[in-house]
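Coordinates from final_35.csv are shown below (CSV, C-alpha atoms).
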```
chain,number,residue,atom,x,y,z
A,1,MET,CA,-14.5,-1.9,47.0
A,2,THR,CA,-11.0,-0.9,46.0
A,3,GLU,CA,-10.3,2.7,45.5
A,4,THR,CA,-8.4,3.6,42.3
A,5,ILE,CA,-5.7,6.2,42.8
A,6,LEU,CA,-4.9,8.1,39.6
A,7,PRO,CA,-1.3,9.3,39.0
A,8,LEU,CA,-1.1,13.1,39.4
A,9,THR,CA,0.7,13.4,36.1
A,10,LEU,CA,-0.5,17.0,35.6
A,11,THR,CA,0.2,18.5,39.0
A,12,GLY,CA,0.8,22.2,38.7
A,13,ARG,CA,-0.1,22.4,35.1
A,14,ARG,CA,-2.6,25.1,34.0
A,15,ILE,CA,-5.0,24.1,31.2
A,16,LEU,CA,-7.1,26.6,29.3
A,17,LEU,CA,-10.0,24.6,27.8
A,18,ILE,CA,-11.9,26.2,24.9
A,19,ILE,CA,-15.3,24.6,24.4
A,20,ALA,CA,-16.7,25.2,20.9
A,21,GLY,CA,-20.3,24.7,19.8
A,22,GLY,CA,-21.0,21.0,19.0
A,23,ILE,CA,-22.9,18.2,20.6
A,24,ALA,CA,-19.6,16.7,21.7
A,25,ALA,CA,-19.3,19.6,24.2
A,26,TYR,CA,-21.0,17.3,26.7
A,27,LYS,CA,-17.8,15.2,26.8
A,28,SER,CA,-15.8,18.4,27.7
A,29,LEU,CA,-17.4,18.4,31.1
A,30,ASP,CA,-16.0,14.9,31.8
A,31,LEU,CA,-12.7,16.1,30.3
A,32,ILE,CA,-12.6,18.9,33.0
A,33,ARG,CA,-13.0,16.3,35.7
A,34,ARG,CA,-10.4,13.9,34.2
A,35,LEU,CA,-7.8,16.7,34.0
A,36,ARG,CA,-8.4,17.8,37.6
A,37,GLU,CA,-8.1,14.2,38.8
A,38,ARG,CA,-4.6,14.3,37.5
A,39,GLY,CA,-3.7,17.5,39.3
A,40,ALA,CA,-4.3,20.1,36.6
A,41,SER,CA,-6.0,23.4,37.2
A,42,VAL,CA,-8.6,24.1,34.4
A,43,ARG,CA,-10.0,27.4,33.3
A,44,VAL,CA,-12.8,27.3,30.7
A,45,VAL,CA,-13.7,29.5,27.8
A,46,MET,CA,-17.0,28.8,26.0
A,47,THR,CA,-18.1,30.1,22.6
A,48,GLU,CA,-21.6,31.5,22.2
A,49,ALA,CA,-22.6,28.3,20.3
A,50,ALA,CA,-21.2,26.0,23.0
A,51,GLN,CA,-23.6,27.5,25.5
A,52,HIS,CA,-26.5,25.9,23.6
A,53,PHE,CA,-25.1,22.5,24.5
A,54,VAL,CA,-23.6,22.9,28.0
A,55,THR,CA,-24.0,25.7,30.5
A,56,PRO,CA,-21.2,27.9,31.9
A,57,LEU,CA,-22.6,27.0,35.3
A,58,ALA,CA,-21.8,23.3,34.8
A,59,ALA,CA,-18.3,24.1,33.6
A,60,ALA,CA,-17.7,26.5,36.4
A,61,ALA,CA,-18.8,23.9,39.0
A,62,LEU,CA,-16.5,21.2,37.7
A,63,SER,CA,-13.5,23.5,37.1
A,64,GLU,CA,-14.0,25.6,40.3
A,65,ASN,CA,-13.1,28.6,38.3
A,66,PRO,CA,-15.2,31.3,36.6
A,67,VAL,CA,-16.1,30.6,32.9
A,68,HIS,CA,-15.2,33.2,30.3
A,69,THR,CA,-17.5,33.8,27.4
A,70,GLU,CA,-17.2,37.4,26.2
A,71,LEU,CA,-14.4,39.1,24.4
A,72,PHE,CA,-15.6,42.6,25.5
A,73,SER,CA,-16.1,41.8,29.1
A,74,LEU,CA,-16.0,45.0,31.2
A,75,THR,CA,-14.4,43.2,34.1
A,76,ASP,CA,-11.9,41.0,32.3
A,77,GLU,CA,-10.9,43.4,29.5
A,78,SER,CA,-10.1,46.2,31.9
A,79,GLU,CA,-7.1,44.0,32.6
A,80,MET,CA,-6.6,42.8,29.0
A,81,GLY,CA,-8.1,39.5,30.0
A,82,HIS,CA,-7.7,37.7,26.7
A,83,ILE,CA,-3.9,38.3,26.8
A,84,ARG,CA,-3.7,37.2,30.4
A,85,LEU,CA,-5.8,34.0,29.8
A,86,SER,CA,-3.7,33.0,26.8
A,87,ARG,CA,-0.4,33.6,28.5
A,88,GLU,CA,-1.0,32.2,32.0
A,89,ALA,CA,-1.9,28.7,30.7
A,90,ASP,CA,0.7,26.0,30.0
A,91,LEU,CA,-1.5,24.5,27.2
A,92,LEU,CA,-4.6,25.6,25.3
A,93,VAL,CA,-7.0,22.7,24.5
A,94,VAL,CA,-9.9,23.1,22.1
A,95,ALA,CA,-12.5,20.3,22.7
A,96,PRO,CA,-14.6,20.0,20.7
A,97,ALA,CA,-12.7,21.8,17.9
A,98,THR,CA,-15.5,22.4,15.4
A,99,ALA,CA,-14.9,23.1,11.7
A,100,ASP,CA,-15.7,26.8,12.4
A,101,ILE,CA,-13.1,27.3,15.1
A,102,LEU,CA,-10.5,25.4,13.2
A,103,ALA,CA,-11.1,27.7,10.2
A,104,LYS,CA,-10.9,30.8,12.4
A,105,ALA,CA,-7.6,29.6,13.9
A,106,ALA,CA,-6.1,28.7,10.5
A,107,LEU,CA,-7.0,32.1,9.1
A,108,GLY,CA,-6.0,34.0,12.2
A,109,LEU,CA,-9.4,35.6,12.8
A,110,ALA,CA,-10.1,37.2,16.2
A,111,GLY,CA,-13.8,38.0,16.2
A,112,ASP,CA,-14.6,36.4,19.5
A,113,LEU,CA,-12.9,35.5,22.8
A,114,ALA,CA,-12.0,31.9,21.8
A,115,ALA,CA,-10.5,32.8,18.4
A,116,THR,CA,-8.6,35.7,19.9
A,117,LEU,CA,-7.1,33.5,22.6
A,118,LEU,CA,-5.8,31.1,19.9
A,119,LEU,CA,-4.2,34.0,18.0
A,120,ALA,CA,-2.8,35.8,21.1
A,121,THR,CA,-1.2,32.8,22.8
A,122,ASP,CA,2.5,31.9,22.8
A,123,LYS,CA,1.7,28.5,24.4
A,124,PRO,CA,1.2,25.1,22.7
A,125,ILE,CA,-2.3,24.3,21.4
A,126,LEU,CA,-4.0,20.9,21.3
A,127,VAL,CA,-7.2,20.5,19.2
A,128,ALA,CA,-9.7,17.6,19.4
A,129,PRO,CA,-11.8,17.9,16.2
A,130,ALA,CA,-15.5,17.0,16.3
A,131,MET,CA,-18.0,17.4,13.5
A,132,ASN,CA,-20.2,15.7,10.9
A,133,VAL,CA,-18.3,13.3,8.6
A,134,VAL,CA,-18.9,15.3,5.5
A,135,MET,CA,-17.6,18.4,7.2
A,136,TRP,CA,-14.6,16.4,8.4
A,137,ASN,CA,-13.8,15.1,5.0
A,138,HIS,CA,-14.2,18.5,3.3
A,139,PRO,CA,-11.0,19.7,1.6
A,140,ALA,CA,-11.4,23.0,3.5
A,141,THR,CA,-11.3,21.4,6.9
A,142,GLN,CA,-8.4,19.2,5.9
A,143,ALA,CA,-6.5,22.1,4.6
A,144,ASN,CA,-7.1,24.1,7.7
A,145,LEU,CA,-5.9,21.3,9.9
A,146,ALA,CA,-2.8,20.9,7.7
A,147,THR,CA,-2.1,24.6,8.2
A,148,LEU,CA,-2.5,24.3,12.0
A,149,ARG,CA,-0.3,21.2,12.2
A,150,SER,CA,2.4,23.0,10.1
A,151,ARG,CA,2.4,25.7,12.9
A,152,GLY,CA,3.0,23.1,15.6
A,153,VAL,CA,-0.6,22.6,16.8
A,154,PHE,CA,-1.2,19.1,18.3
A,155,GLN,CA,-4.2,17.1,17.3
A,156,VAL,CA,-6.0,14.2,18.9
A,157,GLY,CA,-8.7,12.3,17.0
A,158,PRO,CA,-11.2,12.4,15.7
A,159,GLY,CA,-12.4,8.8,15.8
A,160,SER,CA,-14.8,7.0,13.6
A,161,GLY,CA,-18.3,5.6,14.5
A,162,ASP,CA,-21.9,6.6,15.1
A,163,LEU,CA,-22.3,10.4,15.0
A,164,ALA,CA,-25.0,12.5,16.8
A,165,CYS,CA,-26.4,13.5,13.4
A,166,GLY,CA,-27.3,9.9,12.7
A,167,GLU,CA,-24.5,9.3,10.1
A,168,VAL,CA,-21.5,7.0,10.5
A,169,GLY,CA,-17.9,7.9,9.8
A,170,GLY,CA,-15.0,10.1,10.9
A,171,GLY,CA,-15.5,13.2,12.9
A,172,ARG,CA,-16.3,11.7,16.4
A,173,MET,CA,-14.4,13.6,19.1
A,174,ALA,CA,-11.7,11.6,21.0
A,175,GLU,CA,-12.8,10.3,24.3
A,176,PRO,CA,-11.8,12.4,27.4
A,177,LEU,CA,-9.1,9.9,28.6
A,178,ASP,CA,-7.5,9.9,25.1
A,179,ILE,CA,-7.5,13.7,25.2
A,180,VAL,CA,-5.9,13.6,28.7
A,181,ALA,CA,-3.2,11.3,27.3
A,182,ALA,CA,-2.6,13.8,24.4
A,183,VAL,CA,-2.4,16.6,27.0
A,184,GLU,CA,0.3,14.7,28.9
A,185,LEU,CA,2.2,14.1,25.7
A,186,ALA,CA,2.0,17.7,24.6
A,187,LEU,CA,3.3,18.9,27.9
A,188,THR,CA,6.2,16.4,28.0
A,189,PRO,CA,9.4,18.3,27.2
A,190,ILE,CA,11.2,15.1,26.1
A,191,ARG,CA,9.3,13.0,23.6
A,192,PRO,CA,9.4,9.2,24.0
A,193,LEU,CA,11.3,8.8,20.7
A,194,GLN,CA,13.7,11.7,21.4
A,195,GLY,CA,17.2,10.7,20.1
A,196,ARG,CA,15.9,8.0,17.8
A,197,ARG,CA,16.0,8.0,14.0
A,198,ALA,CA,13.1,6.7,11.9
A,199,LEU,CA,12.8,5.9,8.2
A,200,VAL,CA,9.4,5.8,6.6
A,201,THR,CA,8.5,4.9,3.0
A,202,SER,CA,5.3,6.1,1.5
A,203,GLY,CA,3.2,6.4,-1.7
A,204,PRO,CA,3.5,4.4,-4.9
A,205,THR,CA,6.4,4.0,-7.2
A,206,PHE,CA,6.1,4.8,-10.9
A,207,GLU,CA,8.0,2.5,-13.3
A,208,PRO,CA,8.4,4.1,-16.7
A,209,ILE,CA,7.6,2.4,-20.0
A,210,ASP,CA,8.4,5.4,-22.1
A,211,PRO,CA,8.8,9.2,-21.4
A,212,VAL,CA,5.0,9.5,-21.1
A,213,ARG,CA,3.7,6.2,-19.7
A,214,TYR,CA,4.4,4.3,-16.5
A,215,ILE,CA,3.2,1.4,-14.4
A,216,GLY,CA,1.9,2.5,-11.0
A,217,ASN,CA,-0.7,1.8,-8.4
A,218,ARG,CA,-3.5,3.6,-6.5
A,219,SER,CA,-1.6,4.4,-3.3
A,220,SER,CA,-2.2,8.0,-2.2
A,221,GLY,CA,0.6,8.1,0.4
A,222,LYS,CA,-1.8,9.2,3.1
A,223,GLN,CA,-1.0,6.4,5.6
A,224,GLY,CA,2.8,6.6,5.1
A,225,HIS,CA,2.9,10.3,5.5
A,226,ALA,CA,0.7,10.2,8.6
A,227,ILE,CA,3.1,7.6,10.1
A,228,ALA,CA,6.1,9.9,9.4
A,229,ALA,CA,4.3,12.8,11.0
A,230,ALA,CA,3.3,10.7,14.1
A,231,LEU,CA,6.9,9.5,14.7
A,232,GLN,CA,8.2,13.0,14.3
A,233,ARG,CA,5.7,14.3,16.9
A,234,LEU,CA,7.0,11.7,19.3
A,235,GLY,CA,10.5,13.1,18.9
A,236,ALA,CA,12.1,10.8,16.3
A,237,GLU,CA,14.3,12.4,13.7
A,238,THR,CA,12.3,11.2,10.7
A,239,ILE,CA,13.2,10.7,7.1
A,240,LEU,CA,10.3,10.2,4.7
A,241,VAL,CA,11.1,8.6,1.3
A,242,ALA,CA,8.1,9.0,-0.9
A,243,GLY,CA,7.0,8.1,-4.4
A,244,PRO,CA,4.8,10.4,-6.5
A,245,THR,CA,1.9,11.7,-4.3
A,246,HIS,CA,-0.2,14.8,-3.8
A,247,GLU,CA,0.3,14.6,0.0
A,248,PRO,CA,2.4,17.5,1.4
A,249,ALA,CA,5.5,16.6,3.3
A,250,PRO,CA,4.8,16.7,7.1
A,251,PRO,CA,6.4,19.6,8.9
A,252,GLY,CA,9.7,18.8,10.6
A,253,VAL,CA,10.3,15.7,8.6
A,254,ARG,CA,13.2,15.3,6.2
A,255,PHE,CA,11.6,14.6,2.9
A,256,VAL,CA,13.1,12.7,0.0
A,257,ALA,CA,11.1,12.5,-3.2
A,258,VAL,CA,11.7,9.5,-5.6
A,259,GLU,CA,9.9,8.0,-8.5
A,260,THR,CA,11.0,4.4,-9.0
A,261,ALA,CA,11.6,1.4,-6.8
A,262,ARG,CA,15.3,1.5,-7.4
A,263,GLU,CA,15.4,5.2,-6.5
A,264,MET,CA,13.5,4.4,-3.3
A,265,LEU,CA,15.9,1.7,-2.3
A,266,ASP,CA,18.9,3.9,-2.9
A,267,ALA,CA,17.4,6.7,-0.8
A,268,CYS,CA,16.5,4.2,2.0
A,269,LEU,CA,20.0,2.7,2.1
A,270,ALA,CA,21.5,6.3,2.1
A,271,ALA,CA,19.4,7.0,5.2
A,272,LEU,CA,20.8,4.1,7.2
A,273,PRO,CA,21.6,3.6,10.0
A,274,VAL,CA,18.2,4.2,11.7
A,275,ASP,CA,16.5,2.7,14.8
A,276,ILE,CA,13.1,2.3,13.1
A,277,ALA,CA,12.1,1.5,9.6
A,278,VAL,CA,8.4,1.6,8.5
A,279,CYS,CA,8.0,0.4,4.9
A,280,ALA,CA,4.5,1.7,4.1
A,281,ALA,CA,5.1,2.4,0.4
A,282,ALA,CA,3.2,0.4,-2.2
A,283,VAL,CA,6.3,-0.5,-4.2
A,284,ALA,CA,5.8,-1.8,-7.7
A,285,ASP,CA,6.9,-5.5,-7.9
A,286,TRP,CA,8.0,-5.3,-11.5
A,287,ARG,CA,9.3,-2.8,-14.1
A,288,ALA,CA,9.7,-2.9,-17.8
A,289,ASP,CA,13.0,-4.4,-18.8
A,290,THR,CA,13.5,-1.8,-21.5
A,291,VAL,CA,12.3,1.8,-21.3
A,292,ALA,CA,11.7,3.5,-24.7
A,293,ASP,CA,13.6,6.7,-25.4
A,294,GLN,CA,10.6,8.2,-27.2
A,295,LYS,CA,6.9,7.9,-26.8
A,296,ILE,CA,5.6,4.6,-28.2
A,297,LYS,CA,3.2,5.5,-31.0
A,298,LYS,CA,-0.2,3.8,-31.3
A,299,GLY,CA,-0.4,1.6,-34.4
A,300,ALA,CA,3.4,1.7,-35.0
A,301,GLY,CA,4.2,-1.9,-35.6
A,302,GLY,CA,1.1,-3.3,-33.8
A,303,THR,CA,0.4,-3.6,-30.1
A,304,PRO,CA,3.7,-3.4,-28.1
A,305,VAL,CA,4.7,-6.3,-25.9
A,306,LEU,CA,6.2,-5.5,-22.6
A,307,HIS,CA,8.7,-7.7,-20.8
A,308,PHE,CA,9.0,-7.3,-17.0
A,309,VAL,CA,11.8,-7.8,-14.6
A,310,GLU,CA,11.4,-7.9,-10.8
A,311,ASN,CA,12.1,-4.8,-8.8
A,312,PRO,CA,14.4,-4.9,-5.7
A,313,ASP,CA,12.6,-5.9,-2.5
A,314,ILE,CA,13.1,-2.8,-0.2
A,315,LEU,CA,11.5,-4.4,2.9
A,316,ALA,CA,13.5,-7.6,2.7
A,317,THR,CA,16.7,-5.7,1.9
A,318,ILE,CA,16.4,-3.5,5.0
A,319,ALA,CA,15.3,-6.4,7.2
A,320,GLY,CA,18.2,-8.4,6.0
A,321,ARG,CA,20.9,-5.9,6.7
A,322,GLY,CA,23.8,-6.8,9.0
A,323,SER,CA,25.2,-4.4,11.6
A,324,ASP,CA,23.1,-1.4,10.3
A,325,ARG,CA,19.8,-3.3,10.4
A,326,PRO,CA,17.2,-1.1,12.2
A,327,ALA,CA,16.2,-2.4,15.6
A,328,LEU,CA,12.6,-2.5,14.5
A,329,VAL,CA,11.5,-3.2,10.9
A,330,VAL,CA,7.8,-2.8,10.1
A,331,GLY,CA,6.3,-3.7,6.8
A,332,PHE,CA,2.9,-3.2,5.2
A,333,ALA,CA,0.9,-5.9,3.4
A,334,ALA,CA,-1.8,-4.5,1.2
A,335,GLU,CA,-4.0,-7.5,0.2
A,336,THR,CA,-7.3,-8.1,-1.6
A,337,GLN,CA,-7.9,-11.7,-0.3
A,338,ASP,CA,-6.8,-14.0,2.6
A,339,VAL,CA,-5.4,-10.8,4.2
A,340,LEU,CA,-4.1,-12.4,7.4
A,341,ALA,CA,-2.6,-15.6,5.9
A,342,HIS,CA,-0.8,-13.6,3.2
A,343,ALA,CA,0.5,-11.1,5.7
A,344,GLN,CA,1.8,-13.7,8.1
A,345,ALA,CA,3.6,-15.4,5.3
A,346,LYS,CA,5.1,-12.1,4.2
A,347,ARG,CA,6.4,-11.3,7.7
A,348,GLN,CA,8.3,-14.6,7.7
A,349,ARG,CA,9.5,-14.4,4.1
A,350,LYS,CA,10.8,-10.8,4.3
A,351,GLY,CA,12.3,-11.0,7.8
A,352,ALA,CA,10.3,-8.1,9.2
A,353,ASP,CA,9.5,-7.7,12.9
A,354,TRP,CA,6.0,-6.5,12.3
A,355,ILE,CA,3.6,-6.5,9.4
A,356,VAL,CA,0.7,-4.1,9.3
A,357,ALA,CA,-1.9,-5.8,7.0
A,358,ASN,CA,-4.9,-4.1,5.4
A,359,ASP,CA,-7.6,-5.0,2.9
A,360,VAL,CA,-7.3,-2.7,-0.2
A,361,SER,CA,-10.1,-4.3,-2.2
A,362,PRO,CA,-11.9,-1.6,-4.2
A,363,ALA,CA,-15.0,-1.9,-2.0
A,364,THR,CA,-13.0,-0.9,1.1
A,365,GLY,CA,-12.0,2.5,-0.2
A,366,THR,CA,-8.6,2.2,1.6
A,367,PHE,CA,-6.5,3.3,-1.4
A,368,GLY,CA,-7.0,7.1,-1.6
A,369,GLY,CA,-9.4,7.2,1.3
A,370,ASP,CA,-9.1,8.5,4.8
A,371,LEU,CA,-10.1,5.4,6.7
A,372,ASN,CA,-8.2,2.2,7.3
A,373,THR,CA,-8.7,-1.1,9.1
A,374,VAL,CA,-5.4,-2.8,10.0
A,375,HIS,CA,-4.1,-5.9,11.7
A,376,VAL,CA,-0.6,-5.7,13.3
A,377,ILE,CA,1.1,-9.1,13.0
A,378,THR,CA,4.1,-9.9,15.2
A,379,ALA,CA,5.9,-13.0,16.3
A,380,GLU,CA,3.5,-13.0,19.4
A,381,GLY,CA,0.3,-13.0,17.3
A,382,ILE,CA,-2.2,-10.8,15.6
A,383,ASP,CA,-3.7,-7.5,17.0
A,384,SER,CA,-6.7,-6.4,14.9
A,385,TRP,CA,-7.6,-2.8,15.3
A,386,PRO,CA,-11.1,-1.3,14.7
A,387,PRO,CA,-11.7,1.0,11.7
A,388,ALA,CA,-10.1,4.4,12.2
A,389,THR,CA,-8.8,7.3,10.2
A,390,LYS,CA,-5.3,6.9,8.8
A,391,ALA,CA,-4.1,9.6,11.2
A,392,GLU,CA,-5.4,7.6,14.1
A,393,VAL,CA,-3.8,4.4,12.8
A,394,ALA,CA,-0.5,6.3,12.5
A,395,ALA,CA,-0.7,7.7,16.0
A,396,ARG,CA,-1.5,4.3,17.5
A,397,LEU,CA,1.3,2.6,15.5
A,398,ALA,CA,3.8,5.3,16.6
A,399,GLY,CA,2.7,4.9,20.2
A,400,ARG,CA,3.3,1.1,20.0
A,401,ILE,CA,6.7,1.7,18.5
A,402,ALA,CA,7.5,4.2,21.3
A,403,ALA,CA,6.6,1.5,23.8
A,404,ILE,CA,9.1,-0.8,22.2
A,405,PHE,CA,11.9,1.8,22.8
A,406,GLY,CA,10.9,2.4,26.4
A,407,GLY,CA,8.6,5.4,25.8
A,408,ARG,CA,5.0,5.6,26.8
A,409,PRO,CA,2.6,3.9,24.4
```
Would you mind writing the file out in structure tokens?
Amino acid sequence: MTETILPLTLTGRRILLIIAGGIAAYKSLDLIRRLRERGASVRVVMTEAAQHFVTPLAAAALSENPVHTELFSLTDESEMGHIRLSREADLLVVAPATADILAKAALGLAGDLAATLLLATDKPILVAPAMNVVMWNHPATQANLATLRSRGVFQVGPGSGDLACGEVGGGRMAEPLDIVAAVELALTPIRPLQGRRALVTSGPTFEPIDPVRYIGNRSSGKQGHAIAAALQRLGAETILVAGPTHEPAPPGVRFVAVETAREMLDACLAALPVDIAVCAAAVADWRADTVADQKIKKGAGGTPVLHFVENPDILATIAGRGSDRPALVVGFAAETQDVLAHAQAKRQRKGADWIVANDVSPATGTFGGDLNTVHVITAEGIDSWPPATKAEVAARLAGRIAAIFGGRP
């Protein structure tokens, strides 16, 4: 039998692991072991609810450190233990991060030891969300996560699949090895895309017919915005050019709001040169050749007839640039039939290096939804990814881009 020697990538690093109350807490015991395999020292804090799923004794045995459970501990708090715990760690990891503890962290509550530590720390925080799919998709949970991300909190997962409650969907905690990889990344002072510039397009374009009406599509911008955020987290100076969408601009990203395809092209060309271009926007293929100055009135002269002209092809224009062509040009192909065949043809026709293809048929719920199933098409072939949240797709795509530029995937 060959013994596997794991790289000690976390030697000397001090991890404070907060285990909140969810069935995924059983994975946290394996996470302790995986972190220690890589040289990290681990101290554990457990909420009261977490102790219904795993015992402090098990966590103490695996971490070889006492487990902390009480805010008002007579021994710990005589030395202001919550301050000491929060400051002595290099990174705080919350796994599982339940909806409850995410809400407490977003609101700055400090009613128990775990929440107090998150408020009292001056160190980076990584959360691994885990909960029921309905709780995960609830606007309150998503708003709380957006708040935490805006404050610099790192996030890994959740994945999608069978949940302990018997339902299927998003909310499944990331696997321990994925969390370890996120810990390594969070503790890396130089991001793999440091010094690179990235351009991302996102959302729909609206092509006016008159001052009131327009031609548009159902793109929400969720995938493009997630990609911009993922590239920025890996260190890239990121410019996000987005059509009309309700998605907030990711923190740290340079945001340019546009409306039409021509405005989007102008903004993209103004952003060049860049190293990476990801064209995820659902750009309208056509626009009305004439835009009325006033609202077209119903019944005035019968039904209006619209004549269309073709919009500029942003992906092909960027891919066809000369000296300022990005080193990597990635396009998206939103299809409703023959997804792979159409996407492969699009990659050749547009001159893109990669095409990320997905099925946006109404039954898939991709447009406007939080899940996506994509196929990454390159000159080497097709890589089909399993269904995942759009944030997960973005993180995986950003990792693959980082690998191209010499960073860790």
- line: Using all atoms listed in the file, the residue out of A:Pro208, A:Gly351, A:Gly320, A:Pro192 with shortest distance to Leu234 of chain A is A:Pro192
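If you measure from each of A:Ala292, A:Val393, A:Val360, A:Met173 to Ala128 of chain A using only C-alpha atoms, the closest one turns out to be A:Met173.
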query: Do you have the atom CA of Val200 of chain A-atom CA of Val291 of chain A distance handy?
result: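 Taking atom CA of Val200 of chain A as the start and atom CA of Val291 of chain A as the end point, the length is 28.3 Å.
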query: Between A:Leu126, A:Val153, A:Ala394, A:Val45, which one has atoms that come closest to Gly224 of chain A, using all atoms listed in the file?
result: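 So, comparing all the options, the nearest one is A:Ala394.
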- request: Determine, counting only C-alpha atoms, which protein, DNA and RNA residues have an atom within 7 Å of an atom of Ala50 of chain A; residues of the same chain fewer than 4 positions away are not included. Present the result as a list of chain:residue names.
  value: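 Once the nearby chain positions are removed, what remains is A:Ile19, A:Ala20, A:Gly21, A:Gly22, A:Ala25, A:Met46, A:Val54.
The closest residue to Val134 of chain A, picked from A:Arg34, A:Arg14, A:Arg172, A:Lys350 and counting only C-alpha atoms, is A:Arg172.
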- prompt: For Ala249 of chain A, which of A:Ala146, A:Ala24, A:Leu265, A:Leu272 is the closest residue, counting all atoms listed in the file?
  reply: A:Ala146
query: Please, what distance in Å, to one decimal, runs between atom CA of Pro251 of chain A and atom CA of Ala143 of chain A?
result: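 For atom CA of Pro251 of chain A relative to atom CA of Ala143 of chain A, the distance reads 13.8 Å.
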- request: For Pro129 of chain A, list every protein, DNA or RNA residue within 10 Å, evaluated using all atoms listed in the file, and leave out those in the same chain fewer than 2 positions away; present the list as number ranges by chain.
  value: A: 20, 24, 94-99, 101-102, 126-127, 131, 136, 141, 145, 155-159, 170-174
